[in-house]
$ cat run26.cif   # mmCIF, C-alpha atoms
data_structure
loop_
_atom_site.label_atom_id
_atom_site.label_comp_id
_atom_site.auth_asym_id
_atom_site.auth_seq_id
_atom_site.Cartn_x
_atom_site.Cartn_y
_atom_site.Cartn_z
CA MET I 1429 -13.07 -1.76 33.13
CA THR I 1430 -12.59 -3.97 30.09
CA LYS I 1431 -9.28 -4.35 28.30
CA ARG I 1432 -10.77 -2.54 25.31
CA ASP I 1433 -11.44 0.55 27.42
CA SER I 1434 -8.04 0.73 29.10
CA LEU I 1435 -5.22 3.02 27.99
CA GLY I 1436 -2.18 1.79 26.08
CA SER I 1437 1.20 3.35 26.90
CA PHE I 1438 1.27 5.62 23.84
CA GLU I 1439 -2.37 6.54 24.34
CA LEU I 1440 -1.56 7.48 27.93
CA MET I 1441 1.28 9.73 26.77
CA VAL I 1442 -0.99 11.42 24.22
CA ALA I 1443 -3.72 11.83 26.84
CA LEU I 1444 -1.28 13.47 29.26
CA VAL I 1445 -0.12 15.88 26.56
CA LEU I 1446 -3.76 16.72 25.77
CA ILE I 1447 -4.38 17.59 29.44
CA ARG I 1448 -1.18 19.67 29.47
CA LEU I 1449 -2.13 21.63 26.32
CA GLY I 1450 -5.77 22.27 27.20
CA ASP I 1451 -7.80 24.02 24.52
CA THR I 1452 -4.91 24.48 22.07
CA ALA I 1453 -4.35 20.79 21.43
CA TYR I 1454 -4.19 19.79 17.76
CA GLY I 1455 -1.73 17.64 15.80
CA VAL I 1456 1.25 20.02 15.63
CA PRO I 1457 1.53 21.11 19.30
CA ILE I 1458 0.78 17.56 20.45
CA ALA I 1459 3.65 16.24 18.31
CA GLU I 1460 6.01 19.01 19.46
CA GLU I 1461 5.20 18.46 23.11
CA LEU I 1462 5.59 14.69 22.82
CA GLU I 1463 8.95 15.08 21.08
CA LYS I 1464 10.12 17.61 23.67
CA LEU I 1465 9.12 15.44 26.63
CA THR I 1466 10.13 12.02 25.28
CA GLY I 1467 13.16 13.12 23.26
CA ARG I 1468 12.05 10.98 20.31
CA ASP I 1469 10.69 11.72 16.86
CA VAL I 1470 6.99 11.00 16.57
CA ALA I 1471 5.00 10.31 13.40
CA ILE I 1472 1.96 12.58 13.23
CA ALA I 1473 -0.11 9.71 11.78
CA SER I 1474 0.62 7.58 14.85
CA ILE I 1475 -0.64 10.41 17.09
CA TYR I 1476 -3.86 10.60 15.10
CA ALA I 1477 -4.23 6.82 15.30
CA ALA I 1478 -3.94 7.02 19.10
CA LEU I 1479 -6.36 9.95 19.20
CA GLU I 1480 -8.88 8.05 17.10
CA ARG I 1481 -8.69 5.12 19.48
CA LEU I 1482 -9.13 7.46 22.47
CA GLU I 1483 -12.10 9.09 20.75
CA ALA I 1484 -13.67 5.69 20.03
CA LYS I 1485 -13.35 4.83 23.73
CA GLY I 1486 -15.03 8.09 24.68
CA PHE I 1487 -11.95 9.57 26.38
CA VAL I 1488 -11.48 12.39 23.87
CA THR I 1489 -13.68 14.67 21.77
CA SER I 1490 -12.65 16.64 18.72
CA GLU I 1491 -13.87 19.57 16.69
CA LEU I 1492 -12.75 21.20 13.47
CA GLY I 1493 -11.21 24.67 13.40
CA GLU I 1494 -11.03 27.08 10.49
CA PRO I 1495 -8.89 26.25 7.42
CA THR I 1496 -5.68 28.32 7.23
CA ALA I 1497 -3.40 29.22 4.34
CA GLU I 1498 -0.21 27.99 6.05
CA ARG I 1499 -1.77 24.54 6.19
CA GLY I 1500 -2.63 24.53 2.48
CA GLY I 1501 -6.26 25.45 3.20
CA ARG I 1502 -6.76 22.52 5.55
CA ALA I 1503 -8.52 22.83 8.89
CA LYS I 1504 -7.03 22.02 12.30
CA ARG I 1505 -8.74 19.36 14.40
CA TYR I 1506 -8.76 20.31 18.07
CA PHE I 1507 -8.86 17.57 20.69
CA ARG I 1508 -10.00 17.72 24.29
CA MET I 1509 -10.15 15.16 27.11
CA THR I 1510 -13.64 14.22 28.30
CA ALA I 1511 -14.57 13.78 31.97
CA ARG I 1512 -14.49 10.04 31.39
CA GLY I 1513 -11.02 10.32 29.89
CA LEU I 1514 -9.74 12.34 32.86
CA LYS I 1515 -11.17 9.78 35.25
CA GLU I 1516 -9.46 6.99 33.33
CA VAL I 1517 -6.08 8.77 33.41
CA LYS I 1518 -6.38 9.31 37.19
CA GLU I 1519 -7.28 5.65 37.62
CA MET I 1520 -4.31 4.65 35.53
CA ARG I 1521 -2.02 6.85 37.58
CA ARG I 1522 -3.21 5.30 40.85
CA THR I 1523 -2.65 1.81 39.45
CA LEU I 1524 0.81 2.62 38.15
CA VAL I 1525 1.88 4.31 41.40
CA LYS I 1526 0.75 1.25 43.33
CA LEU I 1527 2.75 -0.96 41.01
CA TRP I 1528 5.77 1.34 41.26
CA ASN I 1529 5.84 1.51 45.02
CA GLY I 1530 7.94 -0.94 46.94
CA LEU I 1531 10.28 -1.80 44.11
CA PRO I 1532 13.82 -1.16 45.42
CA GLU I 1533 15.30 -2.09 42.00
CA LEU I 1534 13.68 1.00 40.48
CA GLU I 1535 14.73 3.45 43.21
CA GLY I 1536 17.95 5.38 43.75
CA GLY I 1537 19.10 5.06 40.16
CA LYS I 1538 19.86 1.31 40.52
CA ALA I 1539 18.59 -0.73 37.63
CA MET J 36 8.06 33.33 3.00
CA LYS J 37 6.21 30.05 3.36
CA ARG J 38 8.28 27.01 2.39
CA PRO J 39 6.48 24.87 -0.24
CA VAL J 40 5.97 21.21 0.68
CA PRO J 41 7.48 18.47 -1.55
CA ARG J 42 4.98 18.09 -4.38
CA ILE J 43 5.26 14.40 -5.16
CA ALA J 44 5.06 13.38 -1.51
CA THR J 45 2.00 15.58 -1.03
CA TRP J 46 0.39 14.13 -4.12
CA LEU J 47 1.04 10.60 -2.80
CA LEU J 48 -0.47 11.60 0.53
CA THR J 49 -3.60 12.92 -1.19
CA ALA J 50 -3.85 9.97 -3.56
CA PHE J 51 -3.34 7.18 -1.03
CA THR J 52 -5.29 8.56 1.91
CA SER J 53 -8.87 9.74 1.92
CA GLY J 54 -10.47 10.08 5.37
CA PRO J 55 -11.13 13.40 7.14
CA THR J 56 -8.32 12.61 9.58
CA ASP J 57 -5.92 12.23 6.66
CA ASP J 58 -6.78 15.76 5.60
CA ASN J 59 -5.91 17.00 9.11
CA ILE J 60 -2.63 15.07 8.96
CA ALA J 61 -1.78 16.68 5.61
CA GLY J 62 -2.42 20.11 7.14
CA ASP J 63 -0.28 19.36 10.20
CA LEU J 64 2.56 18.09 8.02
CA ALA J 65 2.46 21.24 5.88
CA GLU J 66 2.54 23.40 9.01
CA ARG J 67 5.42 21.50 10.62
CA TYR J 68 7.40 21.34 7.37
CA SER J 69 7.20 25.12 7.08
CA THR J 70 8.95 25.41 10.46
CA GLY J 71 12.15 23.87 9.08
CA HIS J 72 11.87 20.08 8.96
CA SER J 73 13.80 18.29 6.20
CA ARG J 74 12.40 16.73 3.02
CA GLY J 75 13.41 13.30 4.36
CA TRP J 76 11.33 13.95 7.46
CA TYR J 77 8.34 14.92 5.29
CA TRP J 78 8.65 11.79 3.12
CA TYR J 79 8.92 9.60 6.21
CA GLN J 80 5.79 11.19 7.72
CA VAL J 81 3.90 10.72 4.45
CA PHE J 82 4.94 7.08 4.28
CA VAL J 83 3.73 6.41 7.85
CA ALA J 84 0.47 8.30 7.17
CA VAL J 85 -0.21 6.20 4.07
CA VAL J 86 0.47 2.94 5.94
CA PHE J 87 -1.79 3.96 8.84
CA SER J 88 -4.50 5.06 6.44
CA GLN J 89 -4.39 1.72 4.59
CA VAL J 90 -4.55 -0.22 7.85
CA ARG J 91 -7.49 1.87 9.03
CA TYR J 92 -9.20 1.30 5.68
CA VAL J 93 -8.91 -2.47 6.04
CA LYS J 94 -10.04 -2.47 9.68
CA GLN J 95 -13.23 -0.61 8.86
CA ARG J 96 -15.83 -2.81 7.16
CA ARG J 97 -13.53 -5.81 6.73
CA TRP J 98 -16.07 -7.92 4.81
CA HIS J 99 -16.59 -5.16 2.33
CA LYS J 100 -12.85 -5.04 1.65
CA LEU J 101 -12.63 -8.81 1.32
CA MET J 102 -15.44 -8.72 -1.20
CA SER J 103 -13.63 -5.96 -3.04
CA ILE J 104 -10.47 -8.09 -3.30
CA ALA J 105 -12.49 -11.12 -4.36
CA LEU J 106 -14.20 -9.06 -7.05
CA ALA J 107 -10.85 -7.86 -8.38
CA TRP J 108 -9.48 -11.38 -8.54
CA GLY J 109 -12.68 -12.59 -10.20
CA ILE J 110 -12.39 -9.97 -12.92
CA LEU J 111 -8.71 -10.76 -13.41
CA LEU J 112 -9.23 -14.50 -13.71
CA VAL J 113 -12.17 -14.16 -16.07
CA SER J 114 -10.23 -11.70 -18.20
CA ILE J 115 -7.13 -13.86 -18.68
CA PRO J 116 -8.49 -15.84 -21.65
CA LEU J 117 -9.69 -12.55 -23.14
CA GLN J 118 -6.21 -11.11 -22.63
CA ARG J 119 -4.78 -14.02 -24.59
CA VAL J 120 -7.14 -13.30 -27.46
CA LEU J 121 -6.17 -9.65 -27.32
CA PHE J 122 -2.46 -10.45 -27.34
CA GLU J 123 -2.82 -12.79 -30.27
CA VAL J 124 -4.98 -10.45 -32.29
CA VAL J 125 -2.89 -7.34 -31.65
CA LEU J 126 0.51 -8.98 -32.02
CA THR J 127 -0.18 -11.36 -34.90
CA GLY J 128 -3.38 -10.05 -36.44
CA ARG J 129 -5.37 -13.24 -35.84
CA ILE J 130 -6.50 -15.73 -33.22
CA ILE J 131 -4.06 -18.58 -33.42
CA ARG J 132 -5.53 -21.19 -31.14
CA SER J 133 -8.17 -21.54 -28.49
CA PRO J 134 -7.06 -19.33 -25.62
CA TRP J 135 -9.40 -21.11 -23.25
CA THR J 136 -7.70 -24.44 -23.79
CA SER J 137 -4.17 -23.13 -23.50
CA THR J 138 -4.89 -21.13 -20.37
CA ILE J 139 -6.57 -23.98 -18.56
CA MET J 140 -4.03 -26.58 -19.70
CA ARG J 141 -1.14 -24.54 -18.39
CA GLY J 142 -2.90 -23.88 -15.10
CA GLY J 143 -2.29 -20.26 -15.93
CA LEU J 144 -5.45 -18.98 -14.33
CA ILE J 145 -3.65 -17.67 -11.28
CA LEU J 146 -0.49 -16.69 -13.03
CA PRO J 147 -0.06 -13.40 -14.82
CA PRO J 148 0.57 -13.58 -18.57
CA PRO J 149 3.84 -15.45 -19.10
CA ASP J 150 7.30 -13.95 -19.11
CA LEU J 151 7.73 -14.96 -22.69
CA LEU J 152 9.25 -11.94 -24.36
CA PRO J 153 12.42 -11.27 -22.44
CA VAL J 154 13.22 -14.94 -22.69
CA THR J 155 12.61 -15.33 -26.41
CA ARG J 156 14.60 -12.26 -27.18
CA TRP J 157 17.65 -12.76 -25.00
CA SER J 158 17.87 -16.47 -24.45
CA ALA J 159 20.03 -16.98 -27.54
CA ALA J 160 22.76 -14.98 -25.82
CA LEU J 161 22.67 -17.20 -22.75
CA PRO J 162 24.63 -20.38 -22.09
CA GLU J 163 22.81 -23.60 -22.99
CA ASN J 164 22.08 -24.59 -19.37
CA TRP J 165 20.42 -21.23 -18.69
CA THR J 166 17.81 -21.60 -21.33
CA THR J 167 15.24 -23.76 -19.61
CA SER J 168 12.60 -21.14 -20.22
CA SER J 169 13.35 -20.96 -23.92
CA TRP J 170 13.10 -24.74 -24.08
CA GLU J 171 9.69 -24.49 -22.52
CA LEU J 172 8.69 -21.89 -25.05
CA LYS J 173 9.81 -24.02 -27.98
CA HIS J 174 8.07 -27.15 -26.82
CA SER J 175 5.06 -25.80 -25.02
CA PHE J 176 1.66 -25.84 -26.67
CA MET J 177 1.01 -22.63 -24.80
CA PHE J 178 2.76 -20.28 -27.19
CA PRO J 179 2.10 -20.47 -30.91
CA SER J 180 5.21 -20.19 -33.07
CA SER J 181 4.27 -16.81 -34.53
CA LEU J 182 3.93 -15.33 -31.05
CA ARG J 183 7.42 -16.51 -30.10
CA ASP J 184 8.95 -14.17 -32.65
CA THR J 185 7.05 -11.14 -31.38
CA VAL J 186 8.99 -8.00 -30.59
CA SER J 187 9.36 -7.83 -26.81
CA SER J 188 8.70 -4.12 -26.52
CA ARG J 189 5.30 -4.48 -28.20
CA PHE J 190 4.36 -7.30 -25.91
CA ALA J 191 5.54 -5.40 -22.83
CA LEU J 192 3.65 -2.29 -23.94
CA LEU J 193 0.49 -4.27 -24.50
CA ARG J 194 0.77 -5.84 -21.05
CA CYS J 195 1.17 -2.36 -19.58
CA VAL J 196 -1.96 -1.16 -21.37
CA VAL J 197 -3.96 -4.17 -20.15
CA ALA J 198 -2.72 -3.70 -16.57
CA PHE J 199 -3.50 0.03 -16.70
CA THR J 200 -7.01 -0.68 -17.99
CA PHE J 201 -7.52 -3.25 -15.26
CA GLY J 202 -6.45 -0.74 -12.58
CA TRP J 203 -8.73 1.89 -14.10
CA LEU J 204 -11.66 -0.54 -14.14
CA LEU J 205 -11.06 -1.51 -10.51
CA GLY J 206 -11.08 2.15 -9.57
CA ARG J 207 -14.31 2.79 -11.46
CA LEU J 208 -16.01 -0.09 -9.66
CA HIS J 209 -15.60 1.67 -6.32
CA LYS J 210 -17.56 4.75 -5.39
CA SER J 211 -14.90 5.92 -2.93
CA ASP J 212 -11.41 4.95 -1.82
CA GLN J 213 -10.52 3.79 -5.33
CA THR J 214 -6.76 4.00 -4.80
CA LYS J 215 -6.97 2.08 -1.56
CA ALA J 216 -9.05 -0.65 -3.20
CA VAL J 217 -6.49 -1.04 -5.98
CA THR J 218 -3.59 -0.98 -3.48
CA LEU J 219 -5.30 -3.61 -1.39
CA PHE J 220 -5.69 -5.84 -4.43
CA LEU J 221 -2.01 -5.37 -5.28
CA ILE J 222 -1.03 -6.26 -1.71
CA SER J 223 -3.07 -9.47 -2.08
CA TRP J 224 -1.24 -10.06 -5.37
CA LEU J 225 2.11 -9.61 -3.61
CA ALA J 226 1.02 -11.93 -0.81
CA MET J 227 0.13 -14.55 -3.42
CA LEU J 228 3.46 -14.15 -5.22
CA ALA J 229 5.65 -14.14 -2.11
CA PRO J 230 5.65 -17.91 -1.32
CA GLY J 231 6.40 -18.81 -4.95
CA LEU J 232 9.15 -16.23 -5.18
CA LEU J 233 10.74 -17.35 -1.91
CA PHE J 234 10.63 -20.93 -3.11
CA THR J 235 12.21 -19.93 -6.41
CA VAL J 236 14.95 -17.98 -4.66
CA ALA J 237 15.68 -20.94 -2.43
CA GLN J 238 15.76 -23.30 -5.43
CA THR J 239 17.91 -20.96 -7.44
CA PHE J 240 20.53 -20.61 -4.76
CA HIS J 241 20.40 -24.29 -3.95
CA ASP J 242 21.08 -25.43 -7.51
CA TRP J 243 21.56 -22.97 -10.34
CA SER J 244 21.21 -25.50 -13.12
CA LEU J 245 17.89 -27.15 -12.39
CA PRO J 246 16.54 -28.29 -15.73
CA TYR J 247 12.85 -28.37 -14.90
CA TRP J 248 12.24 -25.16 -13.03
CA ARG J 249 11.23 -22.36 -15.33
CA SER J 250 12.82 -19.76 -13.06
CA GLY J 251 15.78 -22.04 -12.48
CA HIS J 252 18.27 -19.24 -12.76
CA PHE J 253 18.54 -15.84 -11.17
CA TYR J 254 18.19 -14.25 -14.60
CA PHE J 255 14.74 -15.73 -15.06
CA LEU J 256 13.83 -14.93 -11.51
CA ALA J 257 14.76 -11.31 -12.14
CA VAL J 258 12.64 -11.33 -15.31
CA GLU J 259 9.70 -12.69 -13.35
CA ILE J 260 10.06 -10.05 -10.66
CA VAL J 261 10.41 -7.23 -13.18
CA THR J 262 7.38 -8.32 -15.25
CA ASN J 263 5.23 -8.61 -12.14
CA ALA J 264 6.46 -5.28 -10.79
CA MET J 265 5.68 -3.66 -14.16
CA TRP J 266 2.20 -5.15 -14.16
CA MET J 267 1.52 -3.97 -10.61
CA PHE J 268 2.87 -0.50 -11.30
CA CYS J 269 0.67 -0.05 -14.38
CA THR J 270 -2.38 -1.33 -12.47
CA LEU J 271 -1.65 1.12 -9.68
CA VAL J 272 -1.25 4.01 -12.12
CA GLY J 273 -4.62 3.09 -13.68
CA GLY J 274 -6.28 3.01 -10.25
CA VAL J 275 -4.73 6.29 -9.09
CA LEU J 276 -5.69 8.05 -12.29
CA SER J 277 -9.22 6.74 -12.03
CA ALA J 278 -9.43 8.04 -8.44
CA THR J 279 -8.03 11.43 -9.47
CA VAL J 280 -10.60 11.80 -12.25
CA SER J 281 -13.43 10.83 -9.87
CA ARG J 282 -12.21 13.30 -7.23
CA ARG J 283 -11.97 16.17 -9.72
CA ARG J 284 -15.43 15.38 -11.04
CA LEU J 285 -16.81 15.39 -7.50
CA GLU J 286 -15.07 18.69 -6.74
CA GLY J 287 -16.55 20.15 -9.93
CA GLU J 288 -20.05 19.05 -8.94
CA THR J 289 -19.62 20.51 -5.43
CA ARG J 290 -18.70 23.89 -6.86
#
$ encode --input "run26.cif" --output "structure tokens"
Amino acid sequence: MTKRDSLGSFELMVALVLIRLGDTAYGVPIAEELEKLTGRDVAIASIYAALERLEAKGFVTSELGEPTAERGGRAKRYFRMTARGLKEVKEMRRTLVKLWNGLPELEGGKA
Amino acid sequence: MKRPVPRIATWLLTAFTSGPTDDNIAGDLAERYSTGHSRGWYWYQVFVAVVFSQVRYVKQRRWHKLMSIALAWGILLVSIPLQRVLFEVVLTGRIIRSPWTSTIMRGGLILPPPDLLPVTRWSAALPENWTTSSWELKHSFMFPSSLRDTVSSRFALLRCVVAFTFGWLLGRLHKSDQTKAVTLFLISWLAMLAPGLLFTVAQTFHDWSLPYWRSGHFYFLAVEIVTNAMWMFCTLVGGVLSATVSRRRLEGETR
């Protein structure tokens, strides 16, 4: 795995939200879910930037939906994780869990 | 009832972004805004979207963008002597002296047209030690005497027209992403100005009465900043208008 193909922290968060949302993932629900789970405001453009990077790495695919009036006649772009993307997230999880384990400073609420 | 999105912000979003993703972002913002987000939130989102779009634009085909900036600077530098002729002809009705000589002698190829009007008009009201720029004007071979008495508003207006035309021309030279090309050029302009401005600020605050520095006082520094900002704004307006006309024409052809 090259550095270019690995997941950044924000990309990982976006990828996890994509998996959580399944087939209904486009900009608005992704932003809402991220804000709900992280408790922070998120710029939609930064989500799209992360999604573009994920798509370039082959972890995500996208397709256009129908334009709707409430969006000023603009179409939604739906995103979905690829098999390669899912594999990468699992790999990342294994690595992070390994790194997390055996760190007494991070357990029991002691910082 | 659907809540209408802020018009100016939406126009900025359309004008300064152009990719298919940017269209999706605009749709998402409209949808989220209708659910009760504030105008401030919308403006912030538009600002971030424009910045991301510009960065993406530069990252894609970097050499092409560098060439685009180089072309813009080339046109600007070549046009400076012509601008001098235009200024002299429009403001005084004749060509007073060789613009080529004066431009090259002053090293003014990289500098925008000089900040001559505000100084000539207001310098009489300033204390003697503030008037280094007016001294330069009186003794410099750069500005013919008849130009020194020109009405500042006419000069400023003419500079605006030239800057607008330049922005328009830059836009027309690009088949797509006209606004981004013009913005990129203006960013390069800002990057070029920044070291000089910082130096001037440092000099000004170090010693307010330097006799040799043409922006040796905050007043002149402010004039320099305002004239450059005006020039950039008019160039940007020219570029944006050029892009808008191209887009409408394209939409008309598609229909």
$ closest_residue --input "run26.cif" --among "J:Thr270, J:Ser73, J:Thr45, J:Asn59" --to "chain I" --atoms "all atoms listed in the file"
J:Asn59
$ resolve_selection --input "run26.cif" --expression "the PyMOL selection byres ((chain J and resi 53) around 10)" --output "VMD selection string"
chain J and resid 48 to 52 54 to 58 85 88 to 89 92 211 to 215
$ closest_residue --input "run26.cif" --among "I:Lys1504, I:Arg1522, I:Arg1512, I:Lys1485" --to "chain J" --atoms "all atoms listed in the file"
I:Lys1504
$ atom_distance --input "run26.cif" --atom1 "atom CA of J:Cys269" --atom2 "atom CA of J:Leu233"
23.6 Å
$ interface_residues --input "run26.cif" --of "chain J" --to "chain I" --cutoff "12 Å" --atoms "all atoms listed in the file" --output "ChimeraX atom specification"
/J:36-40,45,48,52,54-70,72,76-91
$ resolve_selection --input "run26.cif" --expression "the PyMOL selection byres ((chain I and resi 1515) around 12)" --output "PDB file with C-alpha atoms, in the frame of the given file"
ATOM      1  CA  MET I1429     -13.070  -1.760  33.130  1.00  0.00           C
ATOM      2  CA  SER I1434      -8.040   0.730  29.100  1.00  0.00           C
ATOM      3  CA  LEU I1435      -5.220   3.020  27.990  1.00  0.00           C
ATOM      4  CA  ALA I1443      -3.720  11.830  26.840  1.00  0.00           C
ATOM      5  CA  ILE I1447      -4.380  17.590  29.440  1.00  0.00           C
ATOM      6  CA  GLY I1486     -15.030   8.090  24.680  1.00  0.00           C
ATOM      7  CA  PHE I1487     -11.950   9.570  26.380  1.00  0.00           C
ATOM      8  CA  VAL I1488     -11.480  12.390  23.870  1.00  0.00           C
ATOM      9  CA  MET I1509     -10.150  15.160  27.110  1.00  0.00           C
ATOM     10  CA  THR I1510     -13.640  14.220  28.300  1.00  0.00           C
ATOM     11  CA  ALA I1511     -14.570  13.780  31.970  1.00  0.00           C
ATOM     12  CA  ARG I1512     -14.490  10.040  31.390  1.00  0.00           C
ATOM     13  CA  GLY I1513     -11.020  10.320  29.890  1.00  0.00           C
ATOM     14  CA  LEU I1514      -9.740  12.340  32.860  1.00  0.00           C
ATOM     15  CA  GLU I1516      -9.460   6.990  33.330  1.00  0.00           C
ATOM     16  CA  VAL I1517      -6.080   8.770  33.410  1.00  0.00           C
ATOM     17  CA  LYS I1518      -6.380   9.310  37.190  1.00  0.00           C
ATOM     18  CA  GLU I1519      -7.280   5.650  37.620  1.00  0.00           C
ATOM     19  CA  MET I1520      -4.310   4.650  35.530  1.00  0.00           C
ATOM     20  CA  ARG I1521      -2.020   6.850  37.580  1.00  0.00           C
ATOM     21  CA  ARG I1522      -3.210   5.300  40.850  1.00  0.00           C
TER      22      ARG I1522
END
$ resolve_selection --input "run26.cif" --expression "the PyMOL selection byres ((chain J and resi 106) around 12)" --output "ChimeraX atom specification"
/J:99-105,107-113,204-206,208-209,216-217,219-220
$ atom_distance --input "run26.cif" --atom1 "atom CA of I:Glu1439" --atom2 "atom CA of I:Ala1484"
12.1 Å
$ atom_distance --input "run26.cif" --atom1 "atom CA of I:Asp1451" --atom2 "atom CA of I:Phe1507"
7.6 Å
$ residues_around --input "run26.cif" --residues "I:Val1445" --least-positions-apart "4" --cutoff "8 Å" --atoms "all atoms listed in the file" --output "ChimeraX atom specification"
/I:1441,1449,1458,1461-1462
$ closest_residue --input "run26.cif" --among "J:Ile43, J:Leu285, J:Met267, J:Val93" --to "J:Arg194" --atoms "all atoms listed in the file"
J:Met267
$ build_atoms --input "run26.cif" --residues "stretch 1457-1464 of chain I" --atoms "all heavy atoms" --output "short mmCIF file (atom, residue, chain, number, x, y, z; two decimals), in the coordinates of the input"
data_model
loop_
_atom_site.label_atom_id
_atom_site.label_comp_id
_atom_site.auth_asym_id
_atom_site.auth_seq_id
_atom_site.Cartn_x
_atom_site.Cartn_y
_atom_site.Cartn_z
N PRO I 1457 1.02 20.96 17.93
CA PRO I 1457 1.53 21.11 19.30
C PRO I 1457 1.61 19.79 20.06
O PRO I 1457 2.52 19.61 20.89
CB PRO I 1457 0.52 22.05 19.98
CG PRO I 1457 -0.61 22.21 19.05
CD PRO I 1457 -0.19 21.77 17.70
N ILE I 1458 0.70 18.87 19.77
CA ILE I 1458 0.78 17.56 20.45
C ILE I 1458 2.09 16.86 20.07
O ILE I 1458 2.82 16.36 20.93
CB ILE I 1458 -0.43 16.66 20.07
CG1 ILE I 1458 -1.74 17.28 20.57
CG2 ILE I 1458 -0.28 15.27 20.67
CD1 ILE I 1458 -3.00 16.58 20.05
N ALA I 1459 2.41 16.88 18.77
CA ALA I 1459 3.65 16.24 18.31
C ALA I 1459 4.87 16.92 18.92
O ALA I 1459 5.80 16.25 19.39
CB ALA I 1459 3.71 16.27 16.79
N GLU I 1460 4.85 18.26 18.92
CA GLU I 1460 6.01 19.01 19.46
C GLU I 1460 6.21 18.71 20.94
O GLU I 1460 7.33 18.50 21.40
CB GLU I 1460 5.80 20.51 19.23
CG GLU I 1460 6.03 20.91 17.78
CD GLU I 1460 5.63 22.34 17.47
OE1 GLU I 1460 5.01 23.00 18.35
OE2 GLU I 1460 5.90 22.79 16.34
N GLU I 1461 5.11 18.71 21.68
CA GLU I 1461 5.20 18.46 23.11
C GLU I 1461 5.69 17.04 23.40
O GLU I 1461 6.54 16.82 24.27
CB GLU I 1461 3.80 18.68 23.73
CG GLU I 1461 3.77 18.80 25.23
CD GLU I 1461 4.34 20.13 25.75
OE1 GLU I 1461 4.65 21.01 24.93
OE2 GLU I 1461 4.49 20.25 26.98
N LEU I 1462 5.16 16.09 22.63
CA LEU I 1462 5.59 14.69 22.82
C LEU I 1462 7.08 14.54 22.53
O LEU I 1462 7.80 13.86 23.25
CB LEU I 1462 4.80 13.77 21.88
CG LEU I 1462 3.53 13.14 22.42
CD1 LEU I 1462 2.81 12.39 21.30
CD2 LEU I 1462 3.84 12.18 23.55
N GLU I 1463 7.53 15.17 21.45
CA GLU I 1463 8.95 15.08 21.08
C GLU I 1463 9.83 15.74 22.14
O GLU I 1463 10.89 15.23 22.49
CB GLU I 1463 9.18 15.70 19.70
CG GLU I 1463 8.65 14.82 18.58
CD GLU I 1463 8.77 15.44 17.20
OE1 GLU I 1463 9.25 16.59 17.10
OE2 GLU I 1463 8.35 14.78 16.23
N LYS I 1464 9.35 16.88 22.65
CA LYS I 1464 10.12 17.61 23.67
C LYS I 1464 10.23 16.77 24.96
O LYS I 1464 11.30 16.64 25.54
CB LYS I 1464 9.41 18.93 23.97
CG LYS I 1464 10.28 19.93 24.73
CD LYS I 1464 9.59 21.27 24.83
CE LYS I 1464 8.57 21.26 25.96
NZ LYS I 1464 7.81 22.51 26.07
#
